[in-house]
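Asker: Have a look at this one.
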Amino acid sequence: MGRRRAPELYRAPFPLYALQVDASAGLLIAAGGGGAAKTGIKNGVHFLQLEQINGRLSASLLHSHDTETRATMNLALAGDILAAGQDAQCQLLRFQTHWQKGSNKAEKAGSKDQGPRQRKGAAPAGQKSGAETHCEGVELSVEDLQVVQTDFSADPLQKVVCFNHDNTQLATGGTDGYIRVWQVPSLKKVLEFKAHEGEIEDLALGPDGKLVTVGQDFKASVWQKDQLVTQLHWQENGPTFSNMPYRYQACRCEDPGRWLKEAQPRCGGGNREAGEDCGLGVGVSPGLTRMQEGTNLHRQVGRPWELSSLSPGSRFGRVPDQPARLRLFTVQIPHKRQRQRQPPPCYLTAWDGSTFLPLRTKSCGHEVISCLSVSESGTFLGLGMVTGSVAIYIAFSLQRLYYVREAHGIVVTDVAFLPEKGRGPELLGSHETALFSVAVDSRCQLHLLPSRRSVPVWLLLLLCVGLIIVTILLLQSAFPGFL
């Protein structure tokens, strides 16, 4: 039997590093680039239209937004506002889609961008920022809003960005170890504090105002504003290793009120003063390591097993059927990868979102995890690996449901589930969930989990009654005086 292969949904003309899904508009947003190096590799953000065609989920290029010499390494989405981490800066973009009344014949030439299906008139990757794209009756425009420097180290890089629960603020972290909170859309700084010694790998925000940060100093910390509340200790109820240091790998939060927010205004300007309580966010997409002198090679080349600066390794997710409760999910990887026949495993841990105590820890294989995502309902976990493999786990039991070995053949940089709201059910069709993955190989792949068959309760009851009747009849025939 041949190896399982995931269908290729889209191929970009540049390495892909970040991914977001807008289910309300049916958009898949993929970003990346080759950086400032004069190699001819472009930098951009591609907006893809998701559609069901002949029973299959497909994507076509709707709009290509040029980011000039800046590669986008991390993304966060809040309605029609996109926060893009580019070098040491955070760039806010606003995009809008609507149907146009008439088609533009002058734009039938199409684009030179690569992709399995190209829409008519899709703009090339070098299109000016803010330009509009008309294709098959759909019009999308992108507007540059504010930009601000968010990291101030000697070699600055923003590594993670996240919106709060009502999209009026966003939090950023980078290589200088500081967490900074900004108003949206003005990007006025309202909070700043030192969270870690060294680089911040990821952050997670929760609805009770707590903030979880992960750094290269082996620590995962819980904060209330700028005050340390506690630190995570995953080995309290899990395996212990005397000579094998492990470290956490990033974090993110799903807001339990997110489904309700979809009926409310998507993004507010915000008017909070510095020091006011910051809510937890819903759109973290941590980024990769800094780029070497304008190339897309990463600082980890010399130490390939220190991968916490890749995409996220911990996430908050809702408890199914208990929307008021949250769970935190983290991935622990070996600090240094040893060359041996059987390398040490990576671990997946579920935490209580209120007490921050570990609930369950399980090994998730010997492939180093590079990114993690939680489905909107909190039912599934998606994992991407350094080897290019992709897996889907059940969040409750941490059991693996789906696995494709070396789906990309190179490090998976981000994964994202198709949300269950908006156009999600329509696009899913007969499948239970859909996971998108992107990698440095410029490809976006689709991973579909078929619906698990279940037996109706009434049928089980009927079978039980039938079994009882058959048993009684057999006993009556074997022992005539039984009844």
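Order determines the names: the first chain of the structure tokens is A, the second B, and so forth; residues in each chain are numbered 1 upward, and ligands are numbered 1 upward as they are shown.
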List the spatial neighbours of Ala195 (chain A) as a tab-separated table (two decimals) with C-alpha atoms, in the first residue's frame - criterion: any atom at most 9 Å away, only C-alpha atoms, same-chain residues fewer than 4 positions off excluded.

Answerer:
chain	number	residue	atom	x	y	z
A	177	GLY	CA	12.10	39.43	25.46
A	178	TYR	CA	9.46	42.16	25.91
A	179	ILE	CA	5.68	41.89	25.61
A	200	ILE	CA	9.91	35.25	23.16
A	213	THR	CA	4.30	33.51	27.38
A	214	VAL	CA	6.95	31.05	26.22
A	215	GLY	CA	10.61	31.99	25.90
A	221	SER	CA	4.94	32.04	32.46
A	223	TRP	CA	0.92	36.97	33.72
A	226	ASP	CA	2.79	42.80	33.93
A	228	LEU	CA	3.88	37.17	37.22

Asker: Leaving out Ala23 (chain A) and any residue of its chain fewer than 3 positions from it, which residues lie within 7 Å of it when counting only C-alpha atoms, given as a PDB file with N, CA and C atoms, in the first residue's frame?

Answerer:
ATOM      1  N   GLY A  26     -14.919  32.973   3.409  1.00  0.00           N
ATOM      2  CA  GLY A  26     -14.373  31.829   2.686  1.00  0.00           C
ATOM      3  C   GLY A  26     -13.003  32.109   2.120  1.00  0.00           C
ATOM      4  N   LEU A  27     -12.145  32.796   2.907  1.00  0.00           N
ATOM      5  CA  LEU A  27     -10.813  33.173   2.430  1.00  0.00           C
ATOM      6  C   LEU A  27      -9.731  32.412   3.182  1.00  0.00           C
ATOM      7  N   LEU A 418      -9.979  24.920   9.380  1.00  0.00           N
ATOM      8  CA  LEU A 418     -11.123  25.634   8.827  1.00  0.00           C
ATOM      9  C   LEU A 418     -12.148  25.805   9.937  1.00  0.00           C
ATOM     10  N   PRO A 419     -12.521  27.043  10.300  1.00  0.00           N
ATOM     11  CA  PRO A 419     -13.472  27.248  11.402  1.00  0.00           C
ATOM     12  C   PRO A 419     -14.820  26.595  11.123  1.00  0.00           C
ATOM     13  N   LYS A 421     -17.710  27.858  11.949  1.00  0.00           N
ATOM     14  CA  LYS A 421     -18.756  28.848  11.724  1.00  0.00           C
ATOM     15  C   LYS A 421     -18.595  29.484  10.344  1.00  0.00           C
ATOM     16  N   GLY A 422     -19.500  30.429  10.027  1.00  0.00           N
ATOM     17  CA  GLY A 422     -19.437  31.095   8.727  1.00  0.00           C
ATOM     18  C   GLY A 422     -19.703  30.096   7.607  1.00  0.00           C
ATOM     19  N   ARG A 423     -18.838  30.102   6.607  1.00  0.00           N
ATOM     20  CA  ARG A 423     -18.979  29.182   5.479  1.00  0.00           C
ATOM     21  C   ARG A 423     -18.285  27.852   5.740  1.00  0.00           C
ATOM     22  N   GLY A 424     -17.811  27.652   6.968  1.00  0.00           N
ATOM     23  CA  GLY A 424     -17.092  26.430   7.282  1.00  0.00           C
ATOM     24  C   GLY A 424     -17.854  25.158   6.977  1.00  0.00           C
TER      25      GLY A 424
END

Asker: Give me, please, the distance in Å between CA of Gly173 (chain A) and CA of Gln332 (chain A), quoted to one decimal.

Answerer: 19.9 Å
